[in-house]
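Peer 1: Structure file run11.cif (mmCIF, C-alpha atoms and all ligand atoms) is given on the next line.
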```
data_input
loop_
_atom_site.group_PDB
_atom_site.id
_atom_site.type_symbol
_atom_site.label_atom_id
_atom_site.label_comp_id
_atom_site.auth_asym_id
_atom_site.auth_seq_id
_atom_site.Cartn_x
_atom_site.Cartn_y
_atom_site.Cartn_z
ATOM 1 C CA MET A 865 155.002 204.162 -38.447
ATOM 2 C CA ASN A 866 156.914 205.102 -41.552
ATOM 3 C CA ILE A 867 154.464 203.519 -43.991
ATOM 4 C CA VAL A 868 152.400 204.625 -46.994
ATOM 5 C CA PRO A 869 148.975 203.564 -48.348
ATOM 6 C CA MET A 870 149.250 200.509 -50.593
ATOM 7 C CA ALA A 871 147.288 202.399 -53.278
ATOM 8 C CA ASP A 872 150.234 204.797 -53.778
ATOM 9 C CA ILE A 873 152.599 201.874 -54.402
ATOM 10 C CA LEU A 874 150.195 200.047 -56.726
ATOM 11 C CA GLU A 875 149.281 203.159 -58.697
ATOM 12 C CA ASP A 876 152.905 203.543 -59.838
ATOM 13 C CA ALA A 877 153.205 199.810 -60.553
ATOM 14 C CA ASN A 878 150.012 199.921 -62.614
ATOM 15 C CA ARG A 879 151.169 202.922 -64.624
ATOM 16 C CA LYS A 880 154.641 201.486 -65.314
ATOM 17 C CA ASN A 881 153.580 197.869 -65.753
ATOM 18 C CA TYR A 882 155.517 196.086 -63.013
ATOM 19 C CA ALA A 883 154.470 194.242 -59.836
ATOM 20 C CA VAL A 884 155.298 194.679 -56.158
ATOM 21 C CA GLY A 885 155.723 191.764 -53.775
ATOM 22 C CA GLY A 886 153.114 191.236 -51.091
ATOM 23 C CA PHE A 887 155.547 189.423 -48.830
ATOM 24 C CA ASN A 888 154.208 187.702 -45.697
ATOM 25 C CA ILE A 889 156.041 187.940 -42.412
ATOM 26 C CA ASN A 890 155.955 185.050 -39.939
ATOM 27 C CA ASN A 891 158.535 186.209 -37.402
ATOM 28 C CA MET A 892 161.308 188.741 -36.870
ATOM 29 C CA GLU A 893 163.767 186.995 -39.192
ATOM 30 C CA PHE A 894 161.256 187.105 -42.071
ATOM 31 C CA LEU A 895 160.698 190.818 -41.536
ATOM 32 C CA GLN A 896 164.415 191.592 -41.361
ATOM 33 C CA GLY A 897 165.297 189.489 -44.412
ATOM 34 C CA ILE A 898 162.486 190.996 -46.494
ATOM 35 C CA ILE A 899 163.102 194.626 -45.544
ATOM 36 C CA GLU A 900 166.872 194.398 -46.080
ATOM 37 C CA ALA A 901 166.426 192.827 -49.507
ATOM 38 C CA ALA A 902 163.880 195.432 -50.615
ATOM 39 C CA GLU A 903 165.988 198.337 -49.351
ATOM 40 C CA GLU A 904 169.144 197.040 -51.074
ATOM 41 C CA SER A 905 167.136 196.459 -54.276
ATOM 42 C CA LYS A 906 165.570 199.939 -54.081
ATOM 43 C CA SER A 907 162.170 198.297 -54.461
ATOM 44 C CA PRO A 908 158.796 199.400 -53.080
ATOM 45 C CA LEU A 909 157.447 196.816 -50.657
ATOM 46 C CA ILE A 910 154.172 195.495 -49.297
ATOM 47 C CA LEU A 911 154.655 193.772 -45.947
ATOM 48 C CA GLN A 912 151.693 191.634 -45.023
ATOM 49 C CA THR A 913 150.475 189.495 -42.164
ATOM 50 C CA SER A 914 147.821 186.842 -42.222
ATOM 51 C CA GLU A 915 145.489 186.709 -39.231
ATOM 52 C CA GLY A 916 147.327 183.536 -38.165
ATOM 53 C CA ALA A 917 150.683 185.345 -38.240
ATOM 54 C CA MET A 918 149.189 188.174 -36.170
ATOM 55 C CA ARG A 919 148.083 185.637 -33.573
ATOM 56 C CA TYR A 920 151.486 183.934 -33.618
ATOM 57 C CA ILE A 921 153.609 187.107 -33.418
ATOM 58 C CA GLY A 922 151.157 189.165 -31.360
ATOM 59 C CA LYS A 923 149.654 192.344 -32.832
ATOM 60 C CA ASP A 924 151.644 194.739 -30.645
ATOM 61 C CA TYR A 925 154.856 192.984 -31.646
ATOM 62 C CA VAL A 926 153.878 193.271 -35.337
ATOM 63 C CA ILE A 927 153.446 197.024 -35.023
ATOM 64 C CA SER A 928 156.600 197.552 -32.954
ATOM 65 C CA MET A 929 158.726 195.387 -35.240
ATOM 66 C CA VAL A 930 157.480 197.106 -38.401
ATOM 67 C CA GLU A 931 158.086 200.456 -36.733
ATOM 68 C CA ALA A 932 161.674 199.455 -36.016
ATOM 69 C CA ALA A 933 162.169 197.926 -39.462
ATOM 70 C CA THR A 934 160.956 201.024 -41.324
ATOM 71 C CA LYS A 935 162.758 203.588 -39.168
ATOM 72 C CA ASN A 936 165.791 204.135 -41.399
ATOM 73 C CA ILE A 937 164.676 203.102 -44.852
ATOM 74 C CA THR A 938 164.358 205.020 -48.114
ATOM 75 C CA ILE A 939 161.834 202.781 -49.918
ATOM 76 C CA PRO A 940 158.036 203.136 -49.680
ATOM 77 C CA VAL A 941 156.518 200.371 -47.530
ATOM 78 C CA ALA A 942 152.857 199.477 -46.981
ATOM 79 C CA LEU A 943 151.598 197.315 -44.107
ATOM 80 C CA HIS A 944 148.746 195.121 -45.295
ATOM 81 C CA LEU A 945 146.364 192.583 -43.747
ATOM 82 C CA ASP A 946 146.268 189.463 -45.939
ATOM 83 C CA HIS A 947 142.875 187.684 -46.162
ATOM 84 C CA GLY A 948 140.912 189.710 -43.624
ATOM 85 C CA SER A 949 138.037 187.439 -42.613
ATOM 86 C CA SER A 950 135.563 190.009 -41.287
ATOM 87 C CA PHE A 951 134.673 193.688 -41.088
ATOM 88 C CA ALA A 952 135.776 193.698 -37.429
ATOM 89 C CA LYS A 953 139.229 192.253 -38.240
ATOM 90 C CA THR A 954 139.907 194.863 -40.908
ATOM 91 C CA MET A 955 138.853 197.664 -38.547
ATOM 92 C CA GLU A 956 141.120 196.287 -35.832
ATOM 93 C CA CYS A 957 144.087 196.445 -38.229
ATOM 94 C CA ILE A 958 143.230 199.976 -39.342
ATOM 95 C CA ARG A 959 143.160 201.077 -35.705
ATOM 96 C CA LEU A 960 146.558 199.419 -35.168
ATOM 97 C CA GLY A 961 148.039 201.475 -38.017
ATOM 98 C CA TYR A 962 147.917 199.170 -41.068
ATOM 99 C CA SER A 963 147.888 201.211 -44.279
ATOM 100 C CA SER A 964 145.984 198.559 -46.227
ATOM 101 C CA VAL A 965 143.578 195.685 -45.620
ATOM 102 C CA MET A 966 142.241 192.798 -47.654
ATOM 103 C CA ILE A 967 138.651 191.781 -47.072
ATOM 104 C CA ASP A 968 138.158 188.267 -48.388
ATOM 105 C CA GLY A 969 134.480 187.832 -49.210
ATOM 106 C CA SER A 970 135.273 185.309 -51.933
ATOM 107 C CA HIS A 971 133.585 182.527 -49.958
ATOM 108 C CA GLU A 972 130.298 184.452 -49.912
ATOM 109 C CA PRO A 973 127.796 184.652 -52.775
ATOM 110 C CA PHE A 974 128.531 187.470 -55.280
ATOM 111 C CA ALA A 975 125.997 189.948 -53.797
ATOM 112 C CA GLU A 976 127.239 189.332 -50.241
ATOM 113 C CA ASN A 977 130.866 189.769 -51.330
ATOM 114 C CA ILE A 978 129.927 193.156 -52.826
ATOM 115 C CA LYS A 979 128.064 194.233 -49.671
ATOM 116 C CA LEU A 980 130.868 193.264 -47.290
ATOM 117 C CA THR A 981 133.618 194.741 -49.475
ATOM 118 C CA ARG A 982 131.670 198.000 -49.917
ATOM 119 C CA LYS A 983 131.295 198.357 -46.150
ATOM 120 C CA VAL A 984 135.048 197.926 -45.580
ATOM 121 C CA VAL A 985 135.913 200.308 -48.449
ATOM 122 C CA GLU A 986 133.695 203.070 -47.020
ATOM 123 C CA ALA A 987 135.274 202.847 -43.579
ATOM 124 C CA ALA A 988 138.854 202.373 -44.812
ATOM 125 C CA HIS A 989 138.796 205.160 -47.404
ATOM 126 C CA SER A 990 137.528 207.648 -44.819
ATOM 127 C CA VAL A 991 140.915 207.287 -43.095
ATOM 128 C CA GLY A 992 143.086 206.895 -46.208
ATOM 129 C CA VAL A 993 143.542 203.136 -45.991
ATOM 130 C CA THR A 994 143.696 200.958 -49.131
ATOM 131 C CA VAL A 995 141.409 197.943 -49.688
ATOM 132 C CA GLU A 996 142.033 194.727 -51.616
ATOM 133 C CA ALA A 997 139.161 192.326 -52.290
ATOM 134 C CA GLU A 998 138.897 188.916 -53.960
ATOM 135 C CA LEU A 999 136.621 187.717 -56.715
ATOM 136 C CA GLY A 1000 136.672 184.028 -57.578
ATOM 137 C CA LYS A 1001 137.981 181.432 -55.162
ATOM 138 C CA LEU A 1002 141.512 179.984 -54.878
ATOM 139 C CA GLY A 1003 142.091 176.372 -53.949
ATOM 140 C CA GLY A 1004 144.662 175.213 -51.386
ATOM 141 C CA THR A 1005 145.444 176.018 -47.764
ATOM 142 C CA GLU A 1006 146.124 179.412 -46.226
ATOM 143 C CA ASP A 1007 146.349 179.432 -42.436
ATOM 144 C CA ASP A 1008 143.106 177.935 -41.070
ATOM 145 C CA LEU A 1009 141.312 178.031 -44.406
ATOM 146 C CA THR A 1010 141.352 175.108 -46.830
ATOM 147 C CA VAL A 1011 139.490 175.159 -50.126
ATOM 148 C CA ASP A 1012 139.189 171.872 -51.963
ATOM 149 C CA GLU A 1013 140.380 172.005 -55.601
ATOM 150 C CA LYS A 1014 136.902 171.084 -56.833
ATOM 151 C CA ASP A 1015 135.375 174.047 -54.959
ATOM 152 C CA ALA A 1016 137.866 176.538 -56.384
ATOM 153 C CA THR A 1017 136.311 178.825 -58.996
ATOM 154 C CA PHE A 1018 137.962 181.095 -61.544
ATOM 155 C CA THR A 1019 137.114 184.803 -61.588
ATOM 156 C CA LYS A 1020 134.360 185.550 -64.115
ATOM 157 C CA PRO A 1021 135.407 188.513 -66.280
ATOM 158 C CA GLU A 1022 131.761 189.567 -66.727
ATOM 159 C CA GLU A 1023 131.404 190.065 -62.947
ATOM 160 C CA VAL A 1024 134.527 192.194 -62.576
ATOM 161 C CA VAL A 1025 133.182 195.566 -63.763
ATOM 162 C CA GLU A 1026 130.060 195.349 -61.600
ATOM 163 C CA PHE A 1027 132.111 194.306 -58.569
ATOM 164 C CA VAL A 1028 134.657 197.090 -58.928
ATOM 165 C CA GLU A 1029 132.035 199.776 -59.600
ATOM 166 C CA LYS A 1030 129.798 198.752 -56.716
ATOM 167 C CA THR A 1031 132.582 198.304 -54.149
ATOM 168 C CA GLY A 1032 135.061 201.067 -55.068
ATOM 169 C CA VAL A 1033 137.878 198.686 -54.180
ATOM 170 C CA ASP A 1034 141.520 199.675 -54.904
ATOM 171 C CA ALA A 1035 143.021 196.299 -55.809
ATOM 172 C CA LEU A 1036 141.443 193.043 -56.896
ATOM 173 C CA ALA A 1037 142.734 189.537 -56.189
ATOM 174 C CA ILE A 1038 141.695 187.169 -58.946
ATOM 175 C CA ALA A 1039 141.581 183.403 -59.349
ATOM 176 C CA ILE A 1040 143.192 182.265 -62.621
ATOM 177 C CA GLY A 1041 144.591 178.867 -61.648
ATOM 178 C CA THR A 1042 146.976 179.489 -58.761
ATOM 179 C CA ALA A 1043 146.474 177.912 -55.321
ATOM 180 C CA HIS A 1044 147.613 178.623 -51.778
ATOM 181 C CA GLY A 1045 150.343 176.529 -50.182
ATOM 182 C CA VAL A 1046 152.331 173.777 -51.907
ATOM 183 C CA TYR A 1047 151.301 172.601 -55.389
ATOM 184 C CA GLN A 1048 150.607 168.944 -56.131
ATOM 185 C CA GLY A 1049 151.406 169.341 -59.818
ATOM 186 C CA GLU A 1050 152.450 172.097 -62.198
ATOM 187 C CA PRO A 1051 149.916 174.963 -61.925
ATOM 188 C CA GLU A 1052 148.313 176.028 -65.182
ATOM 189 C CA LEU A 1053 147.443 179.698 -65.375
ATOM 190 C CA ASP A 1054 144.578 180.961 -67.529
ATOM 191 C CA PHE A 1055 146.324 183.891 -69.229
ATOM 192 C CA ASP A 1056 143.446 184.604 -71.636
ATOM 193 C CA ARG A 1057 141.188 185.127 -68.633
ATOM 194 C CA LEU A 1058 143.749 187.437 -67.009
ATOM 195 C CA LYS A 1059 144.005 189.488 -70.210
ATOM 196 C CA GLU A 1060 140.240 189.852 -70.433
ATOM 197 C CA ILE A 1061 139.901 190.784 -66.751
ATOM 198 C CA ASN A 1062 142.674 193.376 -67.051
ATOM 199 C CA GLU A 1063 141.017 194.985 -70.073
ATOM 200 C CA LYS A 1064 137.704 195.179 -68.225
ATOM 201 C CA ALA A 1065 139.006 196.188 -64.786
ATOM 202 C CA ASN A 1066 141.796 198.594 -65.729
ATOM 203 C CA MET A 1067 143.087 198.618 -62.130
ATOM 204 C CA PRO A 1068 145.769 196.905 -59.993
ATOM 205 C CA LEU A 1069 145.245 193.117 -60.008
ATOM 206 C CA VAL A 1070 146.673 190.756 -57.405
ATOM 207 C CA LEU A 1071 148.030 187.232 -57.849
ATOM 208 C CA HIS A 1072 147.784 185.029 -54.754
ATOM 209 C CA GLY A 1073 149.419 181.633 -54.366
ATOM 210 C CA ALA A 1074 152.414 182.543 -56.538
ATOM 211 C CA SER A 1075 154.883 180.312 -54.674
ATOM 212 C CA GLY A 1076 155.641 177.362 -56.933
ATOM 213 C CA VAL A 1077 154.523 179.140 -60.117
ATOM 214 C CA SER A 1078 157.389 179.239 -62.645
ATOM 215 C CA ASP A 1079 159.314 182.506 -62.997
ATOM 216 C CA ASP A 1080 158.286 182.755 -66.652
ATOM 217 C CA ASP A 1081 154.600 182.409 -65.786
ATOM 218 C CA VAL A 1082 154.899 185.081 -63.082
ATOM 219 C CA ARG A 1083 156.630 187.427 -65.553
ATOM 220 C CA ARG A 1084 153.904 186.782 -68.108
ATOM 221 C CA ALA A 1085 151.176 187.447 -65.531
ATOM 222 C CA VAL A 1086 152.860 190.744 -64.631
ATOM 223 C CA SER A 1087 153.066 191.725 -68.298
ATOM 224 C CA LEU A 1088 149.318 191.051 -68.588
ATOM 225 C CA GLY A 1089 148.289 193.303 -65.708
ATOM 226 C CA ILE A 1090 149.222 191.788 -62.332
ATOM 227 C CA ASN A 1091 150.630 194.542 -60.057
ATOM 228 C CA LYS A 1092 150.888 192.691 -56.729
ATOM 229 C CA VAL A 1093 152.191 189.165 -56.262
ATOM 230 C CA ASN A 1094 151.783 187.450 -52.896
ATOM 231 C CA VAL A 1095 154.586 185.199 -51.696
ATOM 232 C CA ASN A 1096 154.683 183.287 -48.436
ATOM 233 C CA THR A 1097 155.301 179.554 -48.978
ATOM 234 C CA ASP A 1098 158.532 180.099 -50.975
ATOM 235 C CA PHE A 1099 160.072 182.023 -48.077
ATOM 236 C CA GLN A 1100 158.872 179.489 -45.503
ATOM 237 C CA GLN A 1101 160.467 176.739 -47.581
ATOM 238 C CA VAL A 1102 163.897 178.372 -48.030
ATOM 239 C CA PHE A 1103 164.029 179.296 -44.338
ATOM 240 C CA THR A 1104 163.171 175.765 -43.221
ATOM 241 C CA ALA A 1105 165.443 174.122 -45.812
ATOM 242 C CA LYS A 1106 168.391 176.146 -44.498
ATOM 243 C CA LEU A 1107 167.658 175.086 -40.907
ATOM 244 C CA ARG A 1108 167.299 171.433 -41.928
ATOM 245 C CA GLN A 1109 170.620 171.569 -43.754
ATOM 246 C CA LEU A 1110 172.433 173.105 -40.776
ATOM 247 C CA PHE A 1111 170.958 170.608 -38.304
ATOM 248 C CA SER A 1112 171.892 167.661 -40.505
ATOM 249 C CA GLU A 1113 175.449 168.973 -40.870
ATOM 250 C CA ASP A 1114 175.900 169.598 -37.152
ATOM 251 C CA ALA A 1115 173.887 167.583 -34.630
ATOM 252 C CA ASP A 1116 175.367 169.642 -31.768
ATOM 253 C CA LEU A 1117 174.004 172.956 -33.036
ATOM 254 C CA TYR A 1118 172.004 174.673 -30.282
ATOM 255 C CA ASP A 1119 172.444 178.465 -30.575
ATOM 256 C CA PRO A 1120 169.365 179.886 -32.402
ATOM 257 C CA ARG A 1121 171.437 182.728 -33.789
ATOM 258 C CA LYS A 1122 173.584 180.183 -35.634
ATOM 259 C CA TYR A 1123 170.608 178.782 -37.565
ATOM 260 C CA CYS A 1124 168.015 181.587 -37.597
ATOM 261 C CA GLY A 1125 170.688 183.995 -38.898
ATOM 262 C CA PRO A 1126 171.451 181.864 -41.981
ATOM 263 C CA GLY A 1127 167.691 181.258 -42.373
ATOM 264 C CA ARG A 1128 167.195 185.019 -42.513
ATOM 265 C CA GLU A 1129 169.936 185.291 -45.165
ATOM 266 C CA ALA A 1130 168.213 182.598 -47.238
ATOM 267 C CA ILE A 1131 164.951 184.579 -47.166
ATOM 268 C CA LYS A 1132 166.810 187.753 -48.128
ATOM 269 C CA GLU A 1133 168.336 186.100 -51.211
ATOM 270 C CA LYS A 1134 164.950 184.697 -52.254
ATOM 271 C CA VAL A 1135 163.265 188.099 -51.842
ATOM 272 C CA LYS A 1136 165.909 189.680 -54.082
ATOM 273 C CA GLU A 1137 165.209 187.023 -56.725
ATOM 274 C CA LYS A 1138 161.471 187.705 -56.546
ATOM 275 C CA ILE A 1139 161.984 191.465 -56.807
ATOM 276 C CA GLU A 1140 163.971 190.956 -60.050
ATOM 277 C CA ILE A 1141 161.228 188.754 -61.492
ATOM 278 C CA LEU A 1142 158.444 191.204 -60.555
ATOM 279 C CA GLY A 1143 160.345 194.117 -62.098
ATOM 280 C CA SER A 1144 160.175 196.332 -58.984
ATOM 281 C CA LYS A 1145 163.969 196.689 -58.612
ATOM 282 C CA ASN A 1146 165.082 200.355 -58.642
ATOM 283 C CA LYS A 1147 161.441 201.509 -58.785
ATOM 284 C CA ALA A 1148 161.538 203.078 -55.302
HETATM 285 ZN ZN ZN A 1201 145.936 184.562 -50.653
#
```
Written as structure tokens, that's how I'd like the structure from this file.
Peer 2:
Amino acid sequence: MNIVPMADILEDANRKNYAVGGFNINNMEFLQGIIEAAEESKSPLILQTSEGAMRYIGKDYVISMVEAATKNITIPVALHLDHGSSFAKTMECIRLGYSSVMIDGSHEPFAENIKLTRKVVEAAHSVGVTVEAELGKLGGTEDDLTVDEKDATFTKPEEVVEFVEKTGVDALAIAIGTAHGVYQGEPELDFDRLKEINEKANMPLVLHGASGVSDDDVRRAVSLGINKVNVNTDFQQVFTAKLRQLFSEDADLYDPRKYCGPGREAIKEKVKEKIEILGSKNKA
């Protein structure tokens, strides 16, 4: 596969103070829309799959599709596992050819999160694969995992240095007020906390649950040290909205190419918008 380690992409973003999209793929149309938008925008790109998306698409299809999608491109692309749930899952993805994995130990106690993350980092780094970990716990729903708002916890800046030193992780997902899925109200981001974490960590930070966060807040988060912004729900929504619109306009529509094609175009436009906001345009 024509892919690079995520650390290479994030290192440049960290040095030049912009962010790269961690864009989730759910099917072929998502992949095509995302890759075309990034290539036309001359933007580096992080393609990611959740474990649920891997089950839905099929892991061999993921690899073959990404291989095909990256065959004739000029931009650097990383293939990343989003929210790896176990050591075994991350190893499976590394064997498949992923250039980056996230190990999500955020639901474990602090010491256990360190232990699990460290184990993945040791194995992944020995084969040049990047690792993202999470400290603090996001609310909301991602695939099979739902965290109640009252159980969500913000990242504690005083834990960051110890976590990063003990794990050797390359990128850190932090909880500063965003949530997975669709927001009930307007999300309020804790920018002071982000600033403090960035000063302490001095490494690429990742914002999850960015769909539904205002463009201005995303820009501000990037200016304060976020180098990777995950987007999934926004793309799912524009794809589905386009299909709904077409079906309501034409009840006789039956050819999938006539609605999945426009759905793919809708994703492509949204990806281009996101790339502008993150500041990764023309950075490839
Ligand atoms: Zn996430």
Peer 1: Restricting the calculation to only C-alpha atoms and all ligand atoms, which member of A:Ala997, A:Val926, A:Ala988, A:Ala883 is positioned closest to ligand ZN 1201 (chain A)?
Peer 2: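 Closest residue, counting only C-alpha atoms and all ligand atoms: A:Ala997.
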Peer 1: For this file, the PyMOL selection byres (((chain A and resi 932) around 12) and not hetatm) selects which residues, as a PyMOL selection string?
Peer 2: chain A and resi 865-867+892+895-896+899+925-931+933-937
Peer 1: Those residues with C-alpha atoms, as a PDB file, in the frame of the given file please?
Peer 2:
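Ended up saving to out33.pdb:
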```
ATOM      1  CA  MET A 865     155.002 204.162 -38.447  1.00  0.00           C
ATOM      2  CA  ASN A 866     156.914 205.102 -41.552  1.00  0.00           C
ATOM      3  CA  ILE A 867     154.464 203.519 -43.991  1.00  0.00           C
ATOM      4  CA  MET A 892     161.308 188.741 -36.870  1.00  0.00           C
ATOM      5  CA  LEU A 895     160.698 190.818 -41.536  1.00  0.00           C
ATOM      6  CA  GLN A 896     164.415 191.592 -41.361  1.00  0.00           C
ATOM      7  CA  ILE A 899     163.102 194.626 -45.544  1.00  0.00           C
ATOM      8  CA  TYR A 925     154.856 192.984 -31.646  1.00  0.00           C
ATOM      9  CA  VAL A 926     153.878 193.271 -35.337  1.00  0.00           C
ATOM     10  CA  ILE A 927     153.446 197.024 -35.023  1.00  0.00           C
ATOM     11  CA  SER A 928     156.600 197.552 -32.954  1.00  0.00           C
ATOM     12  CA  MET A 929     158.726 195.387 -35.240  1.00  0.00           C
ATOM     13  CA  VAL A 930     157.480 197.106 -38.401  1.00  0.00           C
ATOM     14  CA  GLU A 931     158.086 200.456 -36.733  1.00  0.00           C
ATOM     15  CA  ALA A 933     162.169 197.926 -39.462  1.00  0.00           C
ATOM     16  CA  THR A 934     160.956 201.024 -41.324  1.00  0.00           C
ATOM     17  CA  LYS A 935     162.758 203.588 -39.168  1.00  0.00           C
ATOM     18  CA  ASN A 936     165.791 204.135 -41.399  1.00  0.00           C
ATOM     19  CA  ILE A 937     164.676 203.102 -44.852  1.00  0.00           C
TER      20      ILE A 937
END
```
Peer 1: Quick check, in Å to one decimal: how far apart do CA of Met955 in chain A and CA of Gly1003 in chain A lie?
Peer 2: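 These two atoms are separated by 26.5 Å.
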Peer 1: Out of A:Leu1071, A:Leu911, A:Val1025, A:Ala1105, which residue has the shortest atom-to-atom distance to ligand ZN 1201 (chain A) when counting all atoms listed in the file?
Peer 2: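 Ranking A:Leu1071, A:Leu911, A:Val1025, A:Ala1105 by distance to ligand ZN 1201 (chain A), first place goes to A:Leu1071.
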Peer 1: Can you list, as a PDB file with C-alpha atoms, in the coordinates of the input, the residues that the PyMOL selection byres (((chain A and resi 1057) around 9) and not hetatm) selects here?
Peer 2:
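File written: part.pdb
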```pdb
ATOM      1  CA  PHE A1018     137.962 181.095 -61.544  1.00  0.00           C
ATOM      2  CA  THR A1019     137.114 184.803 -61.588  1.00  0.00           C
ATOM      3  CA  LYS A1020     134.360 185.550 -64.115  1.00  0.00           C
ATOM      4  CA  PRO A1021     135.407 188.513 -66.280  1.00  0.00           C
ATOM      5  CA  ILE A1040     143.192 182.265 -62.621  1.00  0.00           C
ATOM      6  CA  LEU A1053     147.443 179.698 -65.375  1.00  0.00           C
ATOM      7  CA  ASP A1054     144.578 180.961 -67.529  1.00  0.00           C
ATOM      8  CA  PHE A1055     146.324 183.891 -69.229  1.00  0.00           C
ATOM      9  CA  ASP A1056     143.446 184.604 -71.636  1.00  0.00           C
ATOM     10  CA  LEU A1058     143.749 187.437 -67.009  1.00  0.00           C
ATOM     11  CA  LYS A1059     144.005 189.488 -70.210  1.00  0.00           C
ATOM     12  CA  GLU A1060     140.240 189.852 -70.433  1.00  0.00           C
ATOM     13  CA  ILE A1061     139.901 190.784 -66.751  1.00  0.00           C
ATOM     14  CA  ASN A1062     142.674 193.376 -67.051  1.00  0.00           C
TER      15      ASN A1062
END
```
Peer 1: Can you work out which residues are within 7 Å of ligand ZN 1201 (chain A), considering only C-alpha atoms and all ligand atoms, and then hand them over as a list of chain:residue names?
Peer 2: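 After applying the 7 Å limit, what remains is A:Asp946, A:His947, A:Glu1006, A:His1044, A:His1072, A:Gly1073, A:Asn1094.
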Peer 1: Please expand the PyMOL selection byres (((chain A and resi 877-880) around 9) and not hetatm) into the concrete residues it hits in this file, giving the result as a list in words.
Peer 2: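 What the PyMOL selection byres (((chain A and resi 877-880) around 9) and not hetatm) grabs from the file is Asp872, Ile873, Leu874, Glu875, Asp876, Asn881, Tyr882, Ala883, Val884, Asn1066, Met1067, Pro1068, Leu1069, Gly1089, Ile1090, Asn1091, Lys1092, Ser1144 and Lys1147 of chain A.
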Peer 1: Considering all atoms listed in the file, can you say which of A:Ala1035, A:Leu1088, A:Val1070, A:Val1077 comes closest to Glu1050 in chain A?
Peer 2: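 Nearest candidate to Glu1050 in chain A out of A:Ala1035, A:Leu1088, A:Val1070, A:Val1077: A:Val1077.
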Peer 1: Give me, please, the distance in Å between CA of Asp1116 in chain A and CA of Asn891 in chain A, quoted to one decimal.
Peer 2: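 Pair CA of Asp1116 in chain A / CA of Asn891 in chain A returns 24.3 Å.
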Peer 1: Using only C-alpha atoms, which residue out of A:Lys1064, A:Lys1136, A:Arg1128, A:Lys983 lies closest to Asn890 in chain A?
Peer 2: A:Arg1128
Peer 1: For Lys906 in chain A, which residue out of A:Thr994, A:Val868, A:Gly886, A:Val941 is the nearest one, using only C-alpha atoms?
Peer 2: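 Ranking A:Thr994, A:Val868, A:Gly886, A:Val941 by distance to Lys906 in chain A, first place goes to A:Val941.
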Peer 1: Quick one: distance from CA of Glu1133 in chain A to CA of Ala901 in chain A in Å, one decimal?
Peer 2: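 These atoms are spaced 7.2 Å apart.
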Peer 1: Write out as an MDAnalysis selection string the residues lying within 12 Å of range 969-974 of chain A, counting only C-alpha atoms and excluding same-chain residues fewer than 6 positions away.
Peer 2: chainID A and resid 947:951 980:984 996:1003 1009:1011 1015:1020 1023:1024 1026:1028 1030:1031 1036:1039
Peer 1: If we count only C-alpha atoms, what is near Gly1125 in chain A at a cut-off of 10 Å, once residues fewer than 4 positions away on the same chain are taken out, given as a list in words?
Peer 2: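 Near neighbours after the sequence-gap exclusion: Glu893, Gly897, Phe1103, Lys1106, Leu1107, Pro1120, Arg1121, Glu1129 and Ala1130 of chain A.
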Peer 1: Quick one: residues within 10 Å of Lys923 in chain A, all atoms listed in the file counted, chain neighbours fewer than 6 positions away excluded, as an MDAnalysis selection string?
Peer 2: chainID A and resid 913 915 917 929 956:957 960
Peer 1: Taking 3 positions as the minimum chain separation for residues in the same chain, which residues sit within 8 Å of Ile1139 in chain A when counting all atoms listed in the file? Answer as a PDB file with C-alpha atoms, in the coordinates of the input.
Peer 2:
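Final output, saved to selection-v8.pdb:
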```
ATOM      1  CA  VAL A 884     155.298 194.679 -56.158  1.00  0.00           C
ATOM      2  CA  GLY A 885     155.723 191.764 -53.775  1.00  0.00           C
ATOM      3  CA  ALA A 902     163.880 195.432 -50.615  1.00  0.00           C
ATOM      4  CA  SER A 905     167.136 196.459 -54.276  1.00  0.00           C
ATOM      5  CA  SER A 907     162.170 198.297 -54.461  1.00  0.00           C
ATOM      6  CA  VAL A1135     163.265 188.099 -51.842  1.00  0.00           C
ATOM      7  CA  LYS A1136     165.909 189.680 -54.082  1.00  0.00           C
ATOM      8  CA  LEU A1142     158.444 191.204 -60.555  1.00  0.00           C
ATOM      9  CA  GLY A1143     160.345 194.117 -62.098  1.00  0.00           C
ATOM     10  CA  SER A1144     160.175 196.332 -58.984  1.00  0.00           C
ATOM     11  CA  LYS A1145     163.969 196.689 -58.612  1.00  0.00           C
TER      12      LYS A1145
END
```
Peer 1: With distances taken over all atoms listed in the file, which of A:Val1095, A:Met918, A:Pro1051, A:Val1046 is nearest to Asn888 in chain A?
Peer 2: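 That would be A:Val1095, the residue with the smallest distance to Asn888 in chain A.
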